[in-house]
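Engineer: Quick one: this structure, given as C-alpha cells, is what I'll be asking you about.
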Amino acid sequence: MSENTFGPADLTAPIRILHNRVQPRPDDTIDSYDGFPIGMAASQNIANMNAVPAGWDGEIAHFQWAHRASAIEGTEKGTKPNPISPTIRRADGIVCRVQYSTIAKAMAASKVCIMTTLGYDPAECAVVAADAGFDSSAIVSYADAVDGCEALFADDPNPDATPPYAGEPYHVATDRIILANARIVDNPAQAWGIVYDYEAQDGRSSDATRTHIADLAEVCHTKGFKLLVYTNPLDGAGVLQSGLTRDSLGDVLAAVDRLSILVGTAYSGGNVVGHFRRQLAMLTGPDGSGSPDMAKVFVTFALSSGEVDARQVRRLLTELSAVRMLWYWPDLQTLGGDRSRTVNRVIAASAYGHLMPRPSTAIA
C-alpha cells in the first residue's frame, strides 16, 4: 500500500464510504482508492464498472441522473439539457445532451433508464414511455446514439436557459431516452442498486416528487435492488424547485433506502453540525413531529471544503449522530497525490480523525 493512502485498518470507526467513481481494479491497491478505502462505488459508466474483474469486496451502484424538463414549470426560464455519460460528441466536437418537453416525460425517462439497468423487459419499459407521451422510437441504446449522433442530436437547447448556461453550446435530442452503455443487473455479485442524483430543479411539485420517488423505490425493490437519493442541501432553495419540501421529504425518506444530507464549506457557513441538524429537521414532516429513520440518512461531504469542516464531519459520524455512511463528493477536486495536498488532509480528518501524516494523537 502506498504511504499516501489509508487502508481499512486506519478506519477505526464503522464508517462506510461511498464514492461516485468506478470501483478500484483488483490489480490496484485494493485496500485504498484515491487515498481512502471505498465500500461502494457509483458511476454512470456501467460498462467500465462491469469490466472490472472480481476481487474487490465492495458494492457498485448505477449513478442515474434525474432528468429535468427543458423549462421551469410556471416560468419562461429554461434549464440546462440533461447530460449523457460517457459523453457523446458530434463531429464538430460539441457535446450532445437530451432535453424533455414536459416534467412527466423527464420523470418517465429516468424511470425507463432505471428499469432497463435493473433488467426489466424492454416491453415494460416501452409501456412506461408510451404512457408519458413518448413515440415508439424514443428509447435509444447508447451504441445507437453514438452511431447516429449527427442526426439524433440535431436540436439547439432552450434559448431561455438562465445563466450560467445561456450560450453554452450543445447539440440536443428532444424527447429521446438514451440508455446507459450497459446494465448493472449483469454484475449481480456486486450490484447494490441505484444512486439517484435528484437535482431536477424544473419546478415539479412536491406531490409529483413524492409519487415519483415512491414509484422508483418500488421498481428497485421489486428486483431486489436498493435506491439511494442524493440531492442539494435540504434547507436550500434548489430542492424546492425539485419538489423536495418539508411536506414531501418525510415520505421520500420512508420510501428510499438512503437519503443524502449535503454539507461542506460552500453550504454550511462554518457550522457543519448545525447545518446537518437543520436539514435533518426537514425530515420530520410538516408539523415537525416525525422521527427520521437515521439508518437511512447519510452525509455527503464536498471535498472542496477545509479541514475545520472535515473535523466536524468526523464528529457527526462518530459522536453526534447515528449516521455511519459518508459520500465523498469530489466537487471538482482531483484526488490522490501527495499526502500534503489539502484534499487528502480533508479526507484524513473527516474519515480517520487525524491528518496525513498521522500525528501522535487524534484530533478531537
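Here's how to read the names in the C-alpha cells: chain A, B, ... by the order shown, residue numbers from 1 in each chain, ligand numbers from 1 in the order shown.
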Write out as a ChimeraX atom specification which residues come within 7 Å of Ala66 (chain A) when counting only C-alpha atoms, dropping same-chain ones fewer than 5 positions away.

Structural biologist: /A:110,196-200

Engineer: With all heavy atoms kept, could you save the residues just selected as a PDB file, in the first residue's frame?

Structural biologist:
```
ATOM      1  N   SER A 110     -36.206   8.956 -16.715  1.00  0.00           N
ATOM      2  CA  SER A 110     -35.398   8.424 -15.614  1.00  0.00           C
ATOM      3  C   SER A 110     -35.861   7.025 -15.230  1.00  0.00           C
ATOM      4  O   SER A 110     -35.045   6.126 -14.993  1.00  0.00           O
ATOM      5  CB  SER A 110     -35.490   9.354 -14.399  1.00  0.00           C
ATOM      6  OG  SER A 110     -34.951  10.621 -14.684  1.00  0.00           O
ATOM      7  N   TYR A 196     -29.517   7.861  -7.192  1.00  0.00           N
ATOM      8  CA  TYR A 196     -30.338   8.764  -7.997  1.00  0.00           C
ATOM      9  C   TYR A 196     -29.989  10.198  -7.639  1.00  0.00           C
ATOM     10  O   TYR A 196     -30.276  10.672  -6.536  1.00  0.00           O
ATOM     11  CB  TYR A 196     -31.811   8.481  -7.720  1.00  0.00           C
ATOM     12  CG  TYR A 196     -32.785   9.062  -8.720  1.00  0.00           C
ATOM     13  CD1 TYR A 196     -32.488   9.133 -10.073  1.00  0.00           C
ATOM     14  CD2 TYR A 196     -34.040   9.512  -8.303  1.00  0.00           C
ATOM     15  CE1 TYR A 196     -33.391   9.643 -10.988  1.00  0.00           C
ATOM     16  CE2 TYR A 196     -34.960  10.015  -9.209  1.00  0.00           C
ATOM     17  CZ  TYR A 196     -34.625  10.085 -10.551  1.00  0.00           C
ATOM     18  OH  TYR A 196     -35.532  10.595 -11.458  1.00  0.00           O
ATOM     19  N   ASP A 197     -29.349  10.887  -8.570  1.00  0.00           N
ATOM     20  CA  ASP A 197     -28.927  12.276  -8.372  1.00  0.00           C
ATOM     21  C   ASP A 197     -30.112  13.183  -8.681  1.00  0.00           C
ATOM     22  O   ASP A 197     -30.342  13.556  -9.831  1.00  0.00           O
ATOM     23  CB  ASP A 197     -27.739  12.579  -9.283  1.00  0.00           C
ATOM     24  CG  ASP A 197     -27.146  13.951  -9.024  1.00  0.00           C
ATOM     25  OD1 ASP A 197     -27.710  14.702  -8.204  1.00  0.00           O
ATOM     26  OD2 ASP A 197     -26.128  14.283  -9.650  1.00  0.00           O
ATOM     27  N   TYR A 198     -30.857  13.543  -7.638  1.00  0.00           N
ATOM     28  CA  TYR A 198     -32.134  14.228  -7.817  1.00  0.00           C
ATOM     29  C   TYR A 198     -31.960  15.735  -7.673  1.00  0.00           C
ATOM     30  O   TYR A 198     -32.198  16.322  -6.619  1.00  0.00           O
ATOM     31  CB  TYR A 198     -33.151  13.695  -6.809  1.00  0.00           C
ATOM     32  CG  TYR A 198     -34.586  13.966  -7.209  1.00  0.00           C
ATOM     33  CD1 TYR A 198     -35.142  13.328  -8.311  1.00  0.00           C
ATOM     34  CD2 TYR A 198     -35.377  14.849  -6.495  1.00  0.00           C
ATOM     35  CE1 TYR A 198     -36.456  13.571  -8.687  1.00  0.00           C
ATOM     36  CE2 TYR A 198     -36.692  15.094  -6.860  1.00  0.00           C
ATOM     37  CZ  TYR A 198     -37.224  14.454  -7.958  1.00  0.00           C
ATOM     38  OH  TYR A 198     -38.530  14.697  -8.335  1.00  0.00           O
ATOM     39  N   GLU A 199     -31.547  16.355  -8.769  1.00  0.00           N
ATOM     40  CA  GLU A 199     -31.366  17.808  -8.819  1.00  0.00           C
ATOM     41  C   GLU A 199     -32.142  18.372 -10.010  1.00  0.00           C
ATOM     42  O   GLU A 199     -31.612  19.163 -10.788  1.00  0.00           O
ATOM     43  CB  GLU A 199     -29.884  18.151  -8.946  1.00  0.00           C
ATOM     44  CG  GLU A 199     -29.023  17.618  -7.818  1.00  0.00           C
ATOM     45  CD  GLU A 199     -27.557  17.921  -8.033  1.00  0.00           C
ATOM     46  OE1 GLU A 199     -27.155  19.070  -7.781  1.00  0.00           O
ATOM     47  OE2 GLU A 199     -26.817  17.015  -8.463  1.00  0.00           O
ATOM     48  N   ALA A 200     -33.392  17.982 -10.146  1.00  0.00           N
ATOM     49  CA  ALA A 200     -34.179  18.342 -11.330  1.00  0.00           C
ATOM     50  C   ALA A 200     -34.370  19.852 -11.462  1.00  0.00           C
ATOM     51  O   ALA A 200     -34.170  20.427 -12.532  1.00  0.00           O
ATOM     52  CB  ALA A 200     -35.533  17.646 -11.277  1.00  0.00           C
TER      53      ALA A 200
END
```

Engineer: Write out as number ranges by chain all residues of region 60-100 of chain A that backbone DSSP assigns to strand (DSSP E).

Structural biologist: A: 60-65, 96-99

Engineer: Pull the closest atom pair for each residue of region 13-119 of chain A that gets at most 10 Å from region 293-316 of chain A, along with the distance in Å to one decimal, counting only C-alpha atoms, ordering rows by chain and then ascending residue number, as a tab-separated table.

Structural biologist:
```
residue	atom	partner	partner_atom	distance
A:Ala13	CA	A:Arg314	CA	9.5
A:Ile15	CA	A:Arg314	CA	9.7
A:Arg16	CA	A:Phe298	CA	9.6
A:Ile17	CA	A:Val299	CA	9.8
A:Leu18	CA	A:Thr300	CA	8.9
A:His19	CA	A:Thr300	CA	9.6
```

Engineer: Using all heavy atoms, can you write the selected residues to a file as a PDB file, in the first residue's frame?

Structural biologist:
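Wrote out-v2.pdb, looks like this:
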```
ATOM      1  N   ALA A  13     -13.474   3.794  13.092  1.00  0.00           N
ATOM      2  CA  ALA A  13     -14.923   3.895  13.271  1.00  0.00           C
ATOM      3  C   ALA A  13     -15.619   3.130  12.147  1.00  0.00           C
ATOM      4  O   ALA A  13     -15.089   3.021  11.043  1.00  0.00           O
ATOM      5  CB  ALA A  13     -15.355   5.357  13.264  1.00  0.00           C
ATOM      6  N   ILE A  15     -17.367   3.420   9.593  1.00  0.00           N
ATOM      7  CA  ILE A  15     -17.875   4.345   8.579  1.00  0.00           C
ATOM      8  C   ILE A  15     -17.778   3.681   7.210  1.00  0.00           C
ATOM      9  O   ILE A  15     -16.716   3.194   6.823  1.00  0.00           O
ATOM     10  CB  ILE A  15     -17.070   5.657   8.578  1.00  0.00           C
ATOM     11  CG1 ILE A  15     -17.157   6.337   9.949  1.00  0.00           C
ATOM     12  CG2 ILE A  15     -17.569   6.594   7.489  1.00  0.00           C
ATOM     13  CD1 ILE A  15     -16.202   7.500  10.104  1.00  0.00           C
ATOM     14  N   ARG A  16     -18.884   3.671   6.485  1.00  0.00           N
ATOM     15  CA  ARG A  16     -18.886   3.131   5.130  1.00  0.00           C
ATOM     16  C   ARG A  16     -18.759   4.288   4.152  1.00  0.00           C
ATOM     17  O   ARG A  16     -19.518   5.261   4.221  1.00  0.00           O
ATOM     18  CB  ARG A  16     -20.180   2.372   4.862  1.00  0.00           C
ATOM     19  CG  ARG A  16     -20.165   1.615   3.540  1.00  0.00           C
ATOM     20  CD  ARG A  16     -21.400   0.763   3.433  1.00  0.00           C
ATOM     21  NE  ARG A  16     -21.335  -0.086   2.256  1.00  0.00           N
ATOM     22  CZ  ARG A  16     -22.364  -0.335   1.467  1.00  0.00           C
ATOM     23  NH1 ARG A  16     -23.531   0.197   1.733  1.00  0.00           N
ATOM     24  NH2 ARG A  16     -22.241  -1.128   0.430  1.00  0.00           N
ATOM     25  N   ILE A  17     -17.798   4.200   3.233  1.00  0.00           N
ATOM     26  CA  ILE A  17     -17.518   5.306   2.325  1.00  0.00           C
ATOM     27  C   ILE A  17     -18.023   4.979   0.926  1.00  0.00           C
ATOM     28  O   ILE A  17     -17.729   3.924   0.366  1.00  0.00           O
ATOM     29  CB  ILE A  17     -16.012   5.622   2.294  1.00  0.00           C
ATOM     30  CG1 ILE A  17     -15.544   6.063   3.690  1.00  0.00           C
ATOM     31  CG2 ILE A  17     -15.715   6.711   1.278  1.00  0.00           C
ATOM     32  CD1 ILE A  17     -14.064   6.341   3.784  1.00  0.00           C
ATOM     33  N   LEU A  18     -18.788   5.912   0.379  1.00  0.00           N
ATOM     34  CA  LEU A  18     -19.321   5.832  -0.976  1.00  0.00           C
ATOM     35  C   LEU A  18     -18.632   6.888  -1.824  1.00  0.00           C
ATOM     36  O   LEU A  18     -18.356   7.997  -1.357  1.00  0.00           O
ATOM     37  CB  LEU A  18     -20.833   6.086  -0.950  1.00  0.00           C
ATOM     38  CG  LEU A  18     -21.546   6.404  -2.271  1.00  0.00           C
ATOM     39  CD1 LEU A  18     -21.508   5.212  -3.203  1.00  0.00           C
ATOM     40  CD2 LEU A  18     -22.983   6.837  -2.009  1.00  0.00           C
ATOM     41  N   HIS A  19     -18.348   6.527  -3.069  1.00  0.00           N
ATOM     42  CA  HIS A  19     -17.699   7.487  -3.960  1.00  0.00           C
ATOM     43  C   HIS A  19     -18.260   7.309  -5.360  1.00  0.00           C
ATOM     44  O   HIS A  19     -18.446   6.181  -5.824  1.00  0.00           O
ATOM     45  CB  HIS A  19     -16.189   7.243  -3.966  1.00  0.00           C
ATOM     46  CG  HIS A  19     -15.400   8.308  -4.671  1.00  0.00           C
ATOM     47  ND1 HIS A  19     -15.685   9.647  -4.569  1.00  0.00           N
ATOM     48  CD2 HIS A  19     -14.325   8.224  -5.496  1.00  0.00           C
ATOM     49  CE1 HIS A  19     -14.822  10.341  -5.289  1.00  0.00           C
ATOM     50  NE2 HIS A  19     -13.991   9.501  -5.859  1.00  0.00           N
TER      51      HIS A  19
END
```

Engineer: Which residue gives the smallest distance to Ala61 (chain A) among A:Gly193, A:Pro330, A:Pro286, A:Pro233, with only C-alpha atoms counted?

Structural biologist: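 Result for the nearest residue to Ala61 (chain A): A:Gly193.
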
Engineer: Among the residues of region 117-332 of chain A, find those DSSP assigns to alpha helix (DSSP H) from the backbone and print them as a PyMOL selection string.

Structural biologist: chain A and resi 117+122-131+142-147+149-152+206-222+237-240+246-255+265-268+272-281+307-315

Engineer: Residues of region 9-84 of chain A within 8 Å of region 173-186 of chain A: nearest atom pair and distance (Å, one decimal) for each, counting only C-alpha atoms, sorted by chain and number, as a tab-separated table?

Structural biologist:
```
residue	atom	partner	partner_atom	distance
A:Gln44	CA	A:Ala180	CA	7.2
A:Asn45	CA	A:Asn181	CA	6.8
A:Ile46	CA	A:Ala182	CA	5.2
A:Ala47	CA	A:Ala182	CA	5.0
A:Asn50	CA	A:Ile184	CA	7.3
A:Ala61	CA	A:Ile184	CA	7.3
A:His62	CA	A:Ile184	CA	6.4
A:Ile84	CA	A:Ile178	CA	7.5
```

Engineer: Convert the current residue selection to file output with C-alpha atoms, as an mmCIF file, in the first residue's frame.

Structural biologist:
```cif
data_model
loop_
_atom_site.group_PDB
_atom_site.id
_atom_site.type_symbol
_atom_site.label_atom_id
_atom_site.label_comp_id
_atom_site.auth_asym_id
_atom_site.auth_seq_id
_atom_site.Cartn_x
_atom_site.Cartn_y
_atom_site.Cartn_z
ATOM 1 C CA GLN A 44 -22.771 6.357 -14.939
ATOM 2 C CA ASN A 45 -20.267 4.351 -16.975
ATOM 3 C CA ILE A 46 -21.730 0.919 -16.290
ATOM 4 C CA ALA A 47 -19.691 -0.805 -18.988
ATOM 5 C CA ASN A 50 -18.889 -4.341 -15.234
ATOM 6 C CA ALA A 61 -24.397 1.208 -7.978
ATOM 7 C CA HIS A 62 -25.729 2.732 -11.168
ATOM 8 C CA ILE A 84 -25.186 11.654 -21.194
#
```

Engineer: Output as CSV one row per residue of region 178-215 of chain A within 9 Å of region 250-266 of chain A: the closest atom pair and its distance in Å to one decimal place, counting only C-alpha atoms, sorted by chain and residue number ascending.

Structural biologist:
```
residue,atom,partner,partner_atom,distance
A:Thr209,CA,A:Val252,CA,8.2
A:Arg210,CA,A:Val252,CA,6.0
A:Thr211,CA,A:Val252,CA,8.8
A:Ile213,CA,A:Val252,CA,6.4
A:Ala214,CA,A:Ala255,CA,5.4
A:Asp215,CA,A:Ala255,CA,8.8
```

Engineer: Using CA of Met282 (chain A) and CA of Arg204 (chain A) as the two end points, give the distance in Å to one decimal.

Structural biologist: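 The value is 18.4 Å.
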
Engineer: Skipping near chain neighbours, those fewer than 2 positions away, what residues fall within 8 Å of Arg68 (chain A) using only C-alpha atoms, listed as a list in words?

Structural biologist: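 Answer for this query is Ala66, Ser70, Thr79, Pro81, Asn82, Gln99, Tyr100, Ile103, Ala106, Met107, Ala200, Gln201 and Asp202 of chain A.
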
Engineer: Could you give me, as a list in words, the residues within 9 Å of region 149-158 of chain A, counting only C-alpha atoms and dropping anything in the same chain fewer than 5 positions from it?

Structural biologist: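 Close residues of region 149-158 of chain A: Ser70, Ala71, Lys77, Gly78, Thr79, Lys80, Pro81, Ile88, Arg89, Arg90, Ala91, Cys96, Arg97, Val98, Gln99, Asp144, Ala166, Glu168, Pro169, Tyr170, His171, Val172, Ala173, Thr174 and Arg176 of chain A.
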